[in-house]
$ cat input_39.txt   # compact mmCIF, C-alpha atoms and all ligand atoms
# COMPACT_ATOMS: atom_id res chain seq x y z
CA MET A 1 119.07 117.43 58.05
CA LEU A 2 118.94 121.12 57.23
CA ALA A 3 122.69 121.38 57.75
CA VAL A 4 123.30 118.70 55.12
CA PHE A 5 120.91 120.44 52.77
CA TRP A 6 122.72 123.75 53.21
CA ARG A 7 126.14 122.18 52.88
CA LYS A 8 125.09 120.86 49.47
CA GLN A 9 123.82 124.27 48.45
CA ARG A 10 127.00 125.92 49.68
CA ALA A 11 129.03 123.44 47.62
CA ALA A 12 126.89 124.26 44.58
CA ILE A 13 127.55 127.97 45.07
CA GLU A 14 131.29 127.33 45.32
CA GLY A 15 131.08 125.72 41.88
CA PHE A 16 129.40 128.75 40.32
CA HIS A 17 131.11 131.43 38.24
CA PRO A 18 133.07 133.85 40.52
CA LEU A 19 130.81 136.76 39.58
CA HIS A 20 127.77 134.63 40.27
CA GLN A 21 129.19 134.04 43.75
CA ALA A 22 129.76 137.79 44.14
CA LEU A 23 126.09 138.37 43.36
CA VAL A 24 125.09 135.86 46.03
CA HIS A 25 127.42 137.14 48.76
CA GLN A 26 127.91 140.84 47.95
CA GLN A 27 124.85 141.54 45.76
CA GLY A 28 127.07 143.13 43.15
CA PHE A 29 130.36 143.46 41.30
CA SER A 30 132.31 145.83 39.10
CA VAL A 31 134.21 144.24 36.26
CA SER A 32 135.19 144.49 32.56
CA LEU A 33 135.09 141.33 30.45
CA PRO A 34 134.72 140.18 26.83
CA PRO A 35 131.29 138.84 25.71
CA ALA A 36 132.25 135.15 26.01
CA ASP A 37 132.97 135.59 29.73
CA TRP A 38 129.64 137.34 30.27
CA ARG A 39 127.89 134.46 28.51
CA ALA A 40 129.66 132.06 30.88
CA LEU A 41 128.28 134.09 33.81
CA VAL A 42 124.75 133.93 32.38
CA ALA A 43 125.07 130.15 31.93
CA SER A 44 126.12 129.86 35.57
CA LEU A 45 123.25 132.06 36.79
CA ALA A 46 120.81 129.87 34.89
CA GLN A 47 121.77 127.02 37.26
CA HIS A 48 121.02 128.95 40.44
CA GLN A 49 117.39 128.13 41.05
CA ALA A 50 117.82 124.41 40.53
CA HIS A 51 120.56 124.13 43.17
CA VAL A 52 120.03 126.88 45.71
CA LYS A 53 116.83 127.27 47.69
CA ARG A 54 117.98 129.01 50.84
CA ARG A 55 116.57 132.55 51.07
CA LYS A 56 119.83 133.94 52.37
CA TRP A 57 121.59 132.87 49.19
CA ARG A 58 118.93 133.99 46.79
CA LEU A 59 119.97 136.11 43.82
CA PRO A 60 118.90 139.75 43.97
CA GLU A 61 115.67 140.18 41.99
CA ARG A 62 117.31 142.55 39.53
CA VAL A 63 119.71 139.83 38.38
CA PRO A 64 117.18 137.86 36.30
CA LEU A 65 115.00 140.92 35.76
CA VAL A 66 117.55 143.49 34.54
CA LEU A 67 121.14 142.31 34.51
CA VAL A 68 120.74 139.12 32.48
CA PRO A 69 118.52 140.61 29.75
CA LEU A 70 120.85 143.60 29.32
CA ILE A 71 123.93 141.35 29.11
CA GLN A 72 122.13 139.26 26.47
CA VAL A 73 121.12 142.27 24.40
CA LEU A 74 124.43 144.13 24.52
CA THR A 75 126.66 141.14 23.80
CA GLU A 76 124.60 140.60 20.60
CA ASP A 77 126.04 143.88 19.33
CA MET A 78 129.64 143.22 20.32
CA ARG A 79 132.63 141.61 18.71
CA GLY A 80 134.53 138.85 20.45
CA LYS A 81 137.42 140.99 21.67
CA ALA A 82 135.38 144.01 22.75
CA THR A 83 134.78 144.82 26.40
CA LEU A 84 131.57 145.01 28.36
CA SER A 85 131.99 146.71 31.74
CA ILE A 86 129.33 146.42 34.40
CA ALA A 87 129.21 147.91 37.87
CA ALA A 88 126.14 146.57 39.62
CA ASP A 89 125.23 147.29 43.24
CA LEU A 90 122.01 145.47 43.94
CA ARG A 91 121.98 145.89 47.73
CA GLY A 92 119.21 148.44 47.44
CA PRO A 93 118.86 152.03 48.73
CA ASP A 94 118.82 150.91 52.40
CA ALA A 95 122.41 149.65 52.23
CA PRO A 96 124.89 151.48 54.47
CA GLY A 97 126.37 154.68 53.12
CA LYS A 98 123.55 155.55 50.75
CA ALA A 99 121.36 157.65 53.06
CA GLY A 100 121.92 161.38 53.42
CA PRO A 101 121.33 163.50 56.55
CA GLN A 102 117.92 163.58 58.22
CA GLN A 103 115.89 166.69 58.46
CA ARG A 104 112.79 167.42 60.56
CA LEU A 105 109.69 168.59 58.77
CA PRO A 106 106.93 170.61 60.49
CA ALA A 107 104.23 168.34 61.92
CA ARG A 108 100.64 168.89 63.05
CA ARG A 109 98.62 166.75 65.43
CA PRO A 110 98.05 163.86 65.49
CA VAL A 111 101.45 163.66 63.84
CA ARG A 112 104.22 164.22 66.40
CA SER A 113 107.20 164.33 64.09
CA VAL A 114 108.27 163.79 60.53
CA ALA A 115 111.85 162.99 59.67
CA GLN A 116 112.89 163.18 56.04
CA TRP A 117 116.01 162.00 54.28
CA TYR A 118 117.15 160.94 50.83
CA ALA A 119 119.16 157.96 49.72
CA VAL A 120 121.02 157.94 46.43
CA ASP A 121 121.45 154.52 44.90
CA PRO A 122 123.48 154.35 41.67
CA TRP A 123 122.81 150.67 41.16
CA LEU A 124 123.78 150.07 37.56
CA ARG A 125 126.54 151.36 35.32
CA ILE A 126 127.36 149.74 32.00
CA ARG A 127 129.81 150.48 29.22
CA ALA A 128 129.72 148.45 26.03
CA GLU A 129 132.02 148.70 23.01
CA LEU A 130 129.71 147.98 20.09
CA ARG A 131 130.66 146.48 16.77
CA ASP A 132 129.86 149.61 14.77
CA GLY A 133 132.63 151.41 16.65
CA SER A 134 130.29 153.25 19.01
CA VAL A 135 130.51 153.10 22.79
CA LEU A 136 127.35 152.87 24.84
CA ASP A 137 127.09 153.98 28.48
CA VAL A 138 124.04 153.17 30.58
CA GLU A 139 123.52 154.52 34.07
CA VAL A 140 120.59 153.99 36.40
CA VAL A 141 120.32 155.91 39.66
CA ASP A 142 117.46 155.72 42.13
CA ARG A 143 116.88 158.65 44.46
CA VAL A 144 114.63 157.61 47.30
CA ARG A 145 112.86 160.06 49.58
CA TYR A 146 112.05 158.64 53.01
CA ARG A 147 109.55 160.13 55.42
CA LYS A 148 109.34 158.58 58.84
CA ILE A 149 106.14 159.65 60.50
CA HIS A 150 105.43 159.38 64.20
CA LYS A 151 101.74 159.58 65.10
CA VAL A 152 99.79 159.38 68.35
CA ASN A 153 96.14 158.49 67.96
CA SER A 154 93.22 159.57 70.19
CA ARG A 155 93.73 156.62 72.53
CA GLY A 156 97.34 157.56 73.08
CA LYS A 157 98.75 154.79 70.91
CA HIS A 158 102.09 155.53 69.17
CA LYS A 159 102.60 154.57 65.57
CA TRP A 160 105.54 154.90 63.26
CA LYS A 161 105.53 154.46 59.59
CA THR A 162 107.96 155.16 56.79
CA LYS A 163 106.84 156.27 53.38
CA THR A 164 109.12 156.22 50.37
CA LYS A 165 109.06 157.80 46.97
CA THR A 166 111.61 156.80 44.34
CA VAL A 167 112.65 158.88 41.36
CA ARG A 168 114.71 156.95 38.85
CA ARG A 169 117.13 158.53 36.43
CA ILE A 170 118.11 156.49 33.38
CA ALA A 171 120.87 158.00 31.28
CA VAL A 172 122.14 156.43 28.08
CA THR A 173 125.07 157.97 26.23
CA ARG A 174 126.34 156.76 22.90
CA ARG A 175 129.62 157.97 21.48
CA ILE A 176 129.20 157.32 17.78
CA ALA A 177 132.09 156.07 15.65
CA LYS A 178 134.29 158.60 13.91
CA GLY A 179 132.91 159.52 10.53
CA ALA A 180 129.58 157.70 10.93
CA ALA A 181 126.57 159.38 9.36
CA VAL A 182 124.36 161.05 11.96
CA ALA A 183 120.89 162.43 11.26
CA ARG A 184 118.16 163.86 13.45
CA PRO A 185 115.22 161.41 13.64
CA SER A 186 112.07 162.57 11.87
CA ALA A 187 109.98 162.42 15.05
CA PRO A 188 111.00 163.58 18.53
CA PRO A 189 111.33 161.01 21.34
CA PRO A 190 108.47 160.47 23.82
CA ARG A 191 108.06 163.37 26.20
CA TRP A 192 109.61 161.53 29.14
CA ILE A 193 112.92 161.22 27.31
CA ARG A 194 115.26 164.19 26.80
CA THR A 195 117.95 164.17 24.15
CA ARG A 196 121.22 166.08 24.02
CA VAL A 197 123.55 165.89 21.07
CA LYS A 198 127.12 167.09 20.99
CA SER A 199 128.78 167.10 17.62
CA GLY A 200 132.49 166.80 17.20
CA GLU A 201 134.95 164.31 15.82
CA ARG A 202 132.69 161.73 17.42
CA THR A 203 129.07 162.74 17.82
CA VAL A 204 127.70 162.05 21.29
CA VAL A 205 123.98 161.40 21.77
CA GLN A 206 122.63 161.34 25.29
CA ALA A 207 119.10 160.30 26.19
CA THR A 208 117.89 160.83 29.74
CA ALA A 209 114.69 159.88 31.48
CA LYS A 210 113.59 160.78 34.97
CA VAL A 211 110.64 158.71 36.05
CA LEU A 212 108.67 158.01 39.18
CA ALA A 213 109.51 154.41 40.00
CA ASN A 214 105.97 153.34 40.78
CA TYR A 215 105.79 150.57 38.20
CA PRO A 216 106.65 146.87 38.46
CA GLU A 217 110.38 146.15 38.28
CA ALA A 218 109.68 143.64 35.50
CA GLN A 219 109.30 146.66 33.20
CA LEU A 220 112.82 147.90 33.94
CA PRO A 221 114.68 146.27 31.04
CA GLN A 222 112.12 147.46 28.49
CA GLN A 223 112.37 150.96 29.95
CA ILE A 224 116.17 151.02 29.82
CA LEU A 225 116.06 149.74 26.24
CA GLN A 226 113.42 152.36 25.35
CA VAL A 227 115.73 155.13 26.52
CA SER A 228 118.68 153.52 24.70
CA THR A 229 116.62 153.45 21.49
CA GLU A 230 116.91 157.22 21.11
CA THR A 231 120.69 157.06 20.82
CA PHE A 232 120.39 154.54 17.97
CA ARG A 233 117.70 156.41 16.07
CA TRP A 234 120.33 159.04 15.19
CA THR A 235 122.33 156.56 13.10
CA ARG A 236 119.53 154.44 11.66
CA ARG A 237 119.97 153.23 8.15
CA THR A 238 117.71 154.94 5.66
CA ALA A 239 115.21 152.57 4.12
CA MET B 1 133.41 135.51 -12.30
CA ASP B 2 135.62 134.32 -9.47
CA GLU B 3 134.83 131.73 -6.83
CA GLU B 4 133.44 134.15 -4.23
CA ASP B 5 130.77 135.63 -6.46
CA ARG B 6 128.96 132.33 -6.62
CA VAL B 7 128.66 131.88 -2.87
CA THR B 8 125.27 132.81 -1.45
CA PRO B 9 125.75 134.55 1.90
CA CYS B 10 123.83 133.51 5.02
CA ASP B 11 120.96 135.95 5.46
CA VAL B 12 120.36 135.50 9.19
CA THR B 13 120.02 138.85 10.98
CA THR B 14 122.56 139.38 13.75
CA GLY B 15 122.78 142.01 16.49
CA PHE B 16 120.11 143.87 18.39
CA PHE B 17 120.53 147.64 17.97
CA VAL B 18 123.41 147.33 15.52
CA LEU B 19 121.94 145.01 12.93
CA GLY B 20 123.95 142.98 10.51
CA HIS B 21 123.61 139.96 8.27
CA CYS B 22 125.68 136.91 9.07
CA GLY B 23 127.31 136.70 5.64
CA ARG B 24 129.01 133.34 6.03
CA PRO B 25 128.58 131.07 3.03
CA ALA B 26 125.07 129.59 3.07
CA VAL B 27 124.71 125.83 2.84
CA ALA B 28 120.93 125.58 2.38
CA GLY B 29 117.67 127.48 2.43
CA CYS B 30 115.48 127.46 5.55
CA PRO B 31 112.63 125.05 4.70
CA SER B 32 110.15 127.34 6.49
CA CYS B 33 111.01 130.85 5.27
CA GLY B 34 113.50 130.21 2.49
CA LYS B 35 116.34 132.30 3.94
CA PRO B 36 119.83 131.15 2.90
CA VAL B 37 121.42 129.78 6.08
CA CYS B 38 125.05 128.92 6.87
CA ALA B 39 126.19 125.76 8.65
CA HIS B 40 126.47 127.63 11.96
CA HIS B 41 122.96 129.05 11.80
CA ALA B 42 121.14 126.02 10.39
CA GLY B 43 119.29 124.34 13.24
CA PRO B 44 117.58 120.97 13.38
CA ASP B 45 115.88 120.26 10.04
CA GLY B 46 117.92 123.07 8.49
CA LEU B 47 115.68 125.76 9.96
CA CYS B 48 116.95 129.32 10.40
CA PRO B 49 117.23 130.40 14.08
CA GLU B 50 114.07 132.50 14.06
CA CYS B 51 111.91 129.79 12.49
CA ALA B 52 113.39 127.24 14.90
CA ASP B 53 112.53 129.50 17.86
CA ARG B 54 109.03 130.11 16.56
CA LEU B 55 108.35 126.41 16.10
CA ALA B 56 109.81 125.64 19.54
CA GLY B 57 106.99 127.83 20.85
CA GLY B 58 107.08 130.85 23.11
CA PRO B 59 109.97 133.07 24.12
CA ALA B 60 113.02 131.40 25.63
CA SER B 61 113.98 132.29 29.21
CA PRO B 62 116.32 135.32 29.47
CA TYR B 63 119.09 132.91 30.47
CA ASP B 64 118.82 131.17 27.12
CA PRO B 65 121.41 132.31 24.55
CA ARG B 66 118.55 132.61 22.04
CA TRP B 67 116.58 135.03 24.19
CA ALA B 68 117.77 138.37 22.79
CA ARG B 69 117.16 137.29 19.20
CA GLY B 70 113.67 136.11 20.10
CA TYR B 71 112.93 139.35 21.92
CA ARG B 72 114.31 141.60 19.17
CA ARG B 73 111.16 141.81 17.04
CA THR B 74 109.01 142.53 20.10
CA TYR B 75 111.45 145.24 21.15
CA TYR B 76 111.33 146.96 17.73
CA SER B 77 107.57 146.84 17.67
CA GLU B 78 107.22 148.16 21.24
CA SER B 79 109.78 150.92 20.85
CA SER B 80 108.27 151.91 17.53
CA ARG B 81 104.98 152.45 19.36
CA ALA B 82 106.60 154.25 22.31
CA TYR B 83 108.34 156.64 19.91
CA ASN B 84 105.32 156.94 17.65
CA ASP B 85 107.76 156.18 14.84
CA THR B 86 106.50 153.42 12.56
CA THR B 87 109.60 153.58 10.38
CA TRP B 88 111.69 152.39 13.35
CA TYR B 89 109.94 149.05 13.19
CA SER B 90 109.62 148.88 9.41
CA SER B 91 113.31 149.59 8.88
CA PHE B 92 114.11 146.63 11.14
CA ASP B 93 111.49 144.48 9.44
CA ASP B 94 112.74 145.35 5.96
CA TYR B 95 116.26 144.64 7.04
CA ASP B 96 115.30 141.35 8.65
CA ARG B 97 113.43 140.15 5.57
CA GLY B 98 115.34 142.05 2.97
CA GLY B 99 117.92 139.71 1.53
CA PHE B 100 121.61 140.23 1.73
CA ASP B 101 122.79 143.65 0.69
CA ALA B 102 126.33 144.35 1.76
CA GLY B 103 125.99 148.00 0.79
CA GLY B 104 123.09 148.55 3.16
CA ASP B 105 124.90 147.25 6.21
CA TYR B 106 126.77 149.26 8.74
CA SER B 107 130.36 149.16 7.71
CA PHE B 108 132.03 146.90 10.20
CA GLY B 109 135.41 147.02 8.55
CA GLY B 110 136.27 143.38 8.07
CA GLY B 111 132.66 142.37 7.56
CA ASP B 112 130.25 141.03 10.09
CA PHE B 113 132.11 137.77 10.57
CA GLY B 114 135.62 139.13 10.26
CA ASP B 115 136.89 138.23 13.70
CA GLY B 116 134.81 135.17 14.28
CA ASP B 117 132.26 136.49 16.76
CA GLY B 118 128.52 136.33 16.36
CA ASP B 119 125.95 133.99 17.73
CA PHE B 120 128.26 131.03 17.99
CA GLY B 121 131.27 132.54 19.66
CA GLY B 122 134.73 132.33 18.23
CA ASP B 123 134.33 129.11 16.36
CA PHE B 124 134.15 130.41 12.83
CA VAL B 125 137.22 129.80 10.74
CA ASP B 126 137.44 131.57 7.44
CA SER B 127 138.66 128.93 5.05
ZN ZN A 301 113.40 130.47 8.51
ZN ZN A 302 124.88 132.42 9.36

$ encode --input "input_39.txt" --output "structure tokens"
Amino acid sequence: MLAVFWRKQRAAIEGFHPLHQALVHQQGFSVSLPPADWRALVASLAQHQAHVKRRKWRLPERVPLVLVPLIQVLTEDMRGKATLSIAADLRGPDAPGKAGPQQRLPARRPVRSVAQWYAVDPWLRIRAELRDGSVLDVEVVDRVRYRKIHKVNSRGKHKWKTKTKTVRRIAVTRRIAKGAAVARPSAPPPRWIRTRVKSGERTVVQATAKVLANYPEAQLPQQILQVSTETFRWTRRTA
Amino acid sequence: MDEEDRVTPCDVTTGFFVLGHCGRPAVAGCPSCGKPVCAHHAGPDGLCPECADRLAGGPASPYDPRWARGYRRTYYSESSRAYNDTTWYSSFDDYDRGGFDAGGDYSFGGGDFGDGDGDFGGDFVDS
């Protein structure tokens, strides 16, 4: 029974958009496509839940939460022949190759040992050619600190636990079109966002935020858009 | 006065960060808000996309092609608050309500509908 059920789901997956399949099987992809192709991917992803129930073939959470909303927003600002490039690696910080070397921290009883290491997870990189001639780059990198603690309690029982702390860096860079009017916004950005501006033939505005990732992931797209906002405030139209 | 001067352009706001007005020739006014709307943007009952979304009730799912447009106003209001910059929202709001003003747009070269993109893909043929 279950085998039949899974065969049907597997067949459904084989009918999905190739990038949709990559998200199911590899939890990511890296590709450059015009907006119409991205919309085709979104239309395919919309079918997932209705046809695929098996946990193993579930979409990574950040697909509906982050990837789809950002594709929708950015393609709104693009012309038909422009390119949207996305490199997404949604395997998470525990995926092989992301952890750095372990180091032992001093421990005091009842703690026997503390091992600490960091994992660097650059899970999202986007480049969009916008219709005003500017180019927008978005990069999100999580840096996770792990502490594995070994404890022995008064009855001689051993316990291990791992604590994590994630610092997220969101960087948005906008290379503004040649000759476009650029003006410093009247108010500075919120304190958690830093701005750097490089003038030249094309002005480059970079907004960076480093935040403790202790909030629900559902807030991620808003947060990425909030950081992006700063790069657009420099070319706002004057009312 | 030549032919083109008499055509009322579609006033539907396009884009998210880079705002524009559709600019295709309007065929009617939205019965709810009065905006001139082109054949591509006129929904059931001739409504403009934003009025149609509003009457459909609630935000569409992020998979829905209409989602970003529905979320746009919320985004401008939230980011305006986050930046403590009320003009960020009001400049969007003015633009969204403001009536077609080609001079106030970003200069997109061939105009906002020059190469046939926009909300409805590549199906616009300049005739
Ligand atoms: Zn309307
Ligand atoms: Zn229109």

$ closest_atom_pairs --input "input_39.txt" --of "chain B" --to "ligand ZN 302 (chain A)" --cutoff "9 Å" --atoms "all atoms listed in the file" --output "Markdown table"
| residue | atom | partner | partner_atom | distance |
| --- | --- | --- | --- | --- |
| B:Pro9 | CA | A:ZN302 | ZN | 7.8 |
| B:Cys10 | CA | A:ZN302 | ZN | 4.6 |
| B:Asp11 | CA | A:ZN302 | ZN | 6.6 |
| B:Val12 | CA | A:ZN302 | ZN | 5.5 |
| B:Thr13 | CA | A:ZN302 | ZN | 8.2 |
| B:Thr14 | CA | A:ZN302 | ZN | 8.5 |
| B:His21 | CA | A:ZN302 | ZN | 7.7 |
| B:Cys22 | CA | A:ZN302 | ZN | 4.6 |
| B:Gly23 | CA | A:ZN302 | ZN | 6.2 |
| B:Arg24 | CA | A:ZN302 | ZN | 5.4 |
| B:Pro25 | CA | A:ZN302 | ZN | 7.5 |
| B:Ala26 | CA | A:ZN302 | ZN | 6.9 |
| B:Pro36 | CA | A:ZN302 | ZN | 8.3 |
| B:Val37 | CA | A:ZN302 | ZN | 5.4 |
| B:Cys38 | CA | A:ZN302 | ZN | 4.3 |
| B:Ala39 | CA | A:ZN302 | ZN | 6.8 |
| B:His40 | CA | A:ZN302 | ZN | 5.7 |
| B:His41 | CA | A:ZN302 | ZN | 4.6 |
| B:Ala42 | CA | A:ZN302 | ZN | 7.5 |
| B:Cys48 | CA | A:ZN302 | ZN | 8.6 |
| B:Gly118 | CA | A:ZN302 | ZN | 8.8 |
| B:Asp119 | CA | A:ZN302 | ZN | 8.6 |

$ residues_around --input "input_39.txt" --residues "Asp64 (chain B)" --least-positions-apart "3" --cutoff "12 Å" --atoms "all atoms listed in the file" --output "compact mmCIF listing (two decimals) with C-alpha atoms, keeping the file's coordinate frame"
# COMPACT_ATOMS: atom_id res chain seq x y z
CA ARG A 39 127.89 134.46 28.51
CA ALA A 40 129.66 132.06 30.88
CA LEU A 41 128.28 134.09 33.81
CA VAL A 42 124.75 133.93 32.38
CA ALA A 43 125.07 130.15 31.93
CA SER A 44 126.12 129.86 35.57
CA LEU A 45 123.25 132.06 36.79
CA ALA A 46 120.81 129.87 34.89
CA GLN A 47 121.77 127.02 37.26
CA PRO A 64 117.18 137.86 36.30
CA VAL A 68 120.74 139.12 32.48
CA PRO A 69 118.52 140.61 29.75
CA ILE A 71 123.93 141.35 29.11
CA GLN A 72 122.13 139.26 26.47
CA VAL A 73 121.12 142.27 24.40
CA ASP B 53 112.53 129.50 17.86
CA PRO B 59 109.97 133.07 24.12
CA ALA B 60 113.02 131.40 25.63
CA SER B 61 113.98 132.29 29.21
CA TRP B 67 116.58 135.03 24.19
CA ALA B 68 117.77 138.37 22.79
CA ARG B 69 117.16 137.29 19.20
CA GLY B 70 113.67 136.11 20.10
CA TYR B 71 112.93 139.35 21.92

$ residues_near_ligand --input "input_39.txt" --ligand "ligand ZN 301 (chain A)" --cutoff "9 Å" --atoms "all atoms listed in the file" --output "list of chain:residue names"
B:Val12, B:Gly29, B:Cys30, B:Pro31, B:Ser32, B:Cys33, B:Gly34, B:Lys35, B:Pro36, B:Val37, B:Gly46, B:Leu47, B:Cys48, B:Pro49, B:Glu50, B:Cys51, B:Ala52

$ write_last_selection --input "input_39.txt" --atoms "C-alpha atoms" --output "PDB file, keeping the file's coordinate frame"
ATOM      1  CA  VAL B  12     120.360 135.500   9.190  1.00  0.00           C
ATOM      2  CA  GLY B  29     117.670 127.480   2.430  1.00  0.00           C
ATOM      3  CA  CYS B  30     115.480 127.460   5.550  1.00  0.00           C
ATOM      4  CA  PRO B  31     112.630 125.050   4.700  1.00  0.00           C
ATOM      5  CA  SER B  32     110.150 127.340   6.490  1.00  0.00           C
ATOM      6  CA  CYS B  33     111.010 130.850   5.270  1.00  0.00           C
ATOM      7  CA  GLY B  34     113.500 130.210   2.490  1.00  0.00           C
ATOM      8  CA  LYS B  35     116.340 132.300   3.940  1.00  0.00           C
ATOM      9  CA  PRO B  36     119.830 131.150   2.900  1.00  0.00           C
ATOM     10  CA  VAL B  37     121.420 129.780   6.080  1.00  0.00           C
ATOM     11  CA  GLY B  46     117.920 123.070   8.490  1.00  0.00           C
ATOM     12  CA  LEU B  47     115.680 125.760   9.960  1.00  0.00           C
ATOM     13  CA  CYS B  48     116.950 129.320  10.400  1.00  0.00           C
ATOM     14  CA  PRO B  49     117.230 130.400  14.080  1.00  0.00           C
ATOM     15  CA  GLU B  50     114.070 132.500  14.060  1.00  0.00           C
ATOM     16  CA  CYS B  51     111.910 129.790  12.490  1.00  0.00           C
ATOM     17  CA  ALA B  52     113.390 127.240  14.900  1.00  0.00           C
TER      18      ALA B  52
END

$ residues_around --input "input_39.txt" --residues "Ile86 (chain A)" --least-positions-apart "3" --cutoff "12 Å" --atoms "all atoms listed in the file" --output "MDAnalysis selection string"
chainID A and resid 19 28:35 38 67:68 70:71 74 83 89 123:129 136:140

$ residues_around --input "input_39.txt" --residues "region 162-170 of chain A" --least-positions-apart "4" --cutoff "7 Å" --atoms "only C-alpha atoms" --output "VMD selection string"
chain A and resid 139 to 149 208 to 213 224

$ residues_around --input "input_39.txt" --residues "Tyr75 (chain B)" --least-positions-apart "6" --cutoff "9 Å" --atoms "all atoms listed in the file" --output "PyMOL selection string"
(chain A and resi 222+225-226) or (chain B and resi 89)

$ atom_distance --input "input_39.txt" --atom1 "CA of Lys161 (chain A)" --atom2 "CA of Arg58 (chain A)"
27.6 Å

$ atom_distance --input "input_39.txt" --atom1 "CA of Val135 (chain A)" --atom2 "CA of Ser228 (chain A)"
12.0 Å

$ atom_distance --input "input_39.txt" --atom1 "CA of His48 (chain A)" --atom2 "CA of His20 (chain A)"
8.8 Å

$ residues_around --input "input_39.txt" --residues "region 151-157 of chain A" --least-positions-apart "6" --cutoff "12 Å" --atoms "all atoms listed in the file" --output "MDAnalysis selection string"
chainID A and resid 107:115

$ closest_atom_pairs --input "input_39.txt" --of "chain B" --to "chain A" --cutoff "6 Å" --atoms "all atoms listed in the file" --output "CSV"
residue,atom,partner,partner_atom,distance
B:Gly15,CA,A:Asp77,CA,4.7
B:Phe16,CA,A:Glu76,CA,6.0
B:Val18,CA,A:Asp77,CA,5.8
B:Pro62,CA,A:Pro69,CA,5.7
B:Tyr63,CA,A:Ala46,CA,5.6
B:Ala68,CA,A:Val73,CA,5.4
B:Ser79,CA,A:Gln226,CA,6.0
B:Tyr83,CA,A:Pro190,CA,5.5
B:Ser91,CA,A:Ala239,CA,5.9
B:Phe108,CA,A:Asp132,CA,5.7
B:Asp117,CA,A:Gly80,CA,4.9

$ closest_residue --input "input_39.txt" --among "B:Asp96, B:Pro44, B:Tyr76, B:Ala82" --to "Ala56 (chain B)" --atoms "all atoms listed in the file"
B:Pro44

$ decode --input "input_39.txt" --residues "region 4-22 of chain B" --atoms "C-alpha atoms" --output "short mmCIF file (atom, residue, chain, number, x, y, z; two decimals), in the first residue's frame"
data_model
loop_
_atom_site.label_atom_id
_atom_site.label_comp_id
_atom_site.auth_asym_id
_atom_site.auth_seq_id
_atom_site.Cartn_x
_atom_site.Cartn_y
_atom_site.Cartn_z
CA GLU B 4 -1.61 59.35 -28.98
CA ASP B 5 -2.46 62.43 -26.95
CA ARG B 6 -6.05 61.30 -26.61
CA VAL B 7 -5.24 57.90 -25.16
CA THR B 8 -5.59 57.68 -21.38
CA PRO B 9 -2.77 55.53 -19.99
CA CYS B 10 -3.43 52.67 -17.56
CA ASP B 11 -2.66 53.92 -14.07
CA VAL B 12 -2.00 50.58 -12.36
CA THR B 13 1.18 50.69 -10.26
CA THR B 14 3.78 48.12 -11.27
CA GLY B 15 6.97 46.96 -9.56
CA PHE B 16 7.88 46.66 -5.91
CA PHE B 17 10.98 48.73 -5.10
CA VAL B 18 11.23 50.22 -8.58
CA LEU B 19 7.75 51.60 -9.06
CA GLY B 20 6.21 52.39 -12.38
CA HIS B 21 2.83 52.95 -13.94
CA CYS B 22 1.62 50.47 -16.52
#
